[in-house]
Amino acid sequence: WMIFAAGLAARLVLMMSEPILEDDYQRYLWDGAVVAEGLNPYLKSPKEIRTSVLDGPLQALKEQAGPVFKRINHKDLTTIYPPLTQSAFALASTIAPFSLTAWRGLLLAADVATFVLLLLCLDALGRTRTWSALYWWSPVLLKEVYNSAHFEVLIFPFLLGALLLAFRRRPIAASALLCLAAGIKLWPMLLLPLILRPFINE
């Protein structure tokens with residue numbers, strides 16, 4: 001509980017901070033609003049929206065977004081983020097459109113779930129829960145998630161859930177969770193052979 005409380009306090013402080021030299025989150029907020037409106041974020045780049053004469057939901061969103069739309073980086077590109085990540089953006093937008101605080105709150109929920117799953121994984125391995133401090137107190141994690149608002153922490157609950165199910169010898173469910181993790185970023189699929197290998201060898 002001391003480990004959890006100290007890490008949570010650090011997160012809550014950083015949730016009120018101004019991002020340092022980071023603007024990726026502006027795209028997250030925009031994409032989330034587009035998806036929450038039921039629109040396709042892959043069709044038009046911000047530059048196309050800015051230079052086109054539009055009369056409809058996208059124009060209304062552009063006006064509602066205000067400075068968020070103006071600060072999106074790589075305006076000439078449509079979004080690069082996969083559908084599952086877009087769903088997370090949309091969920092945050094549903095809570096509060098164009099709100100960095102709502103987005104950070106969603107990241108915090110995923111992070112707390114990760115901490116709980118990490119404790120369960122440590123229990124399954126017979127290791128002391130004190131090892132959880134390496135994750136929960138990581139300064140890199142704190143800065144990149146709660147100051148920079150990067151989305152990668154969304155991978156971890158699926159990833160650790162997959163590992164926990166693999167420890168419990170449930171390879172199909174573990175593989176399914178790993179696929180969900182890959183729906184946020186592709187690299188977790190590299191772990192699929194490691195999860196399936198013990199069962200294939202049987």
# chains A, B, ... in the order shown; residues from 1 in each chain; ligands from 1
$ residues_around --residues "stretch 165-178 of chain A" --least-positions-apart "6" --cutoff "7 Å" --atoms "only C-alpha atoms" --output "number ranges by chain"
A: 158-159, 188-189, 192, 195-196
$ write_last_selection --atoms "C-alpha atoms" --output "short mmCIF file (atom, residue, chain, number, x, y, z; two decimals), in the first residue's frame"
data_model
loop_
_atom_site.label_atom_id
_atom_site.label_comp_id
_atom_site.auth_asym_id
_atom_site.auth_seq_id
_atom_site.Cartn_x
_atom_site.Cartn_y
_atom_site.Cartn_z
CA PHE A 158 -3.74 -6.63 -21.97
CA LEU A 159 -0.09 -7.68 -21.96
CA PRO A 188 3.26 -7.43 -28.36
CA MET A 189 2.72 -10.02 -31.11
CA LEU A 192 3.09 -14.87 -29.03
CA ILE A 195 3.36 -17.81 -24.80
CA LEU A 196 2.47 -20.70 -27.10
#
$ residues_around --residues "A:Pro97" --least-positions-apart "3" --cutoff "8 Å" --atoms "only C-alpha atoms" --output "list in words"
Leu29, Gly32, Ala33, Ala92, Ser93 and Thr94 of chain A
$ closest_residue --among "A:Ser52, A:Ser99, A:Gln64, A:Gln86" --to "A:Ala149" --atoms "only C-alpha atoms"
A:Ser99
$ select_by_dssp --residues "chain A" --states "helix (DSSP H, G or I)" --output "ChimeraX atom specification"
/A:2-14,24-36,46-51,57-65,67-70,83-95,100-125,129-136,139-147,152-167,171-182,187-201
$ atom_distance --atom1 "atom CA of A:Gly161" --atom2 "atom CA of A:Leu186"
16.6 Å
$ closest_residue --among "A:Leu118, A:Leu39, A:Gln26, A:Phe98" --to "A:Arg71" --atoms "only C-alpha atoms"
A:Gln26
$ residues_around --residues "A:Leu43" --least-positions-apart "5" --cutoff "10 Å" --atoms "only C-alpha atoms" --output "list in words"
Glu48, Thr78 and Thr79 of chain A
$ closest_residue --among "A:Leu119, A:Leu163, A:Ile184, A:Ile3" --to "A:Tyr81" --atoms "only C-alpha atoms"
A:Ile184
$ closest_residue --among "A:Lys70, A:Ala65, A:Leu160, A:Gly126" --to "A:Ala110" --atoms "only C-alpha atoms"
A:Leu160
$ closest_residue --among "A:Asp123, A:Asp31, A:Asp76, A:Glu152" --to "A:Leu107" --atoms "only C-alpha atoms"
A:Glu152
$ residues_around --residues "A:Lys62" --least-positions-apart "4" --cutoff "9 Å" --atoms "only C-alpha atoms" --output "list in words"
Trp30, Ile49, Arg50, Pro57, Leu58, Gly66, Val68, Phe69 and Lys70 of chain A
$ atom_distance --atom1 "atom CA of A:Ile95" --atom2 "atom CA of A:Val35"
13.1 Å
$ closest_residue --among "A:Leu106, A:Leu125, A:Ile200, A:Ala113" --to "A:Thr85" --atoms "only C-alpha atoms"
A:Leu106
$ residues_around --residues "A:Asp23" --least-positions-apart "4" --cutoff "9 Å" --atoms "only C-alpha atoms" --output "ChimeraX atom specification"
/A:19,27,71-73,148
$ atom_distance --atom1 "atom CA of A:Glu22" --atom2 "atom CA of A:Leu180"
26.6 Å
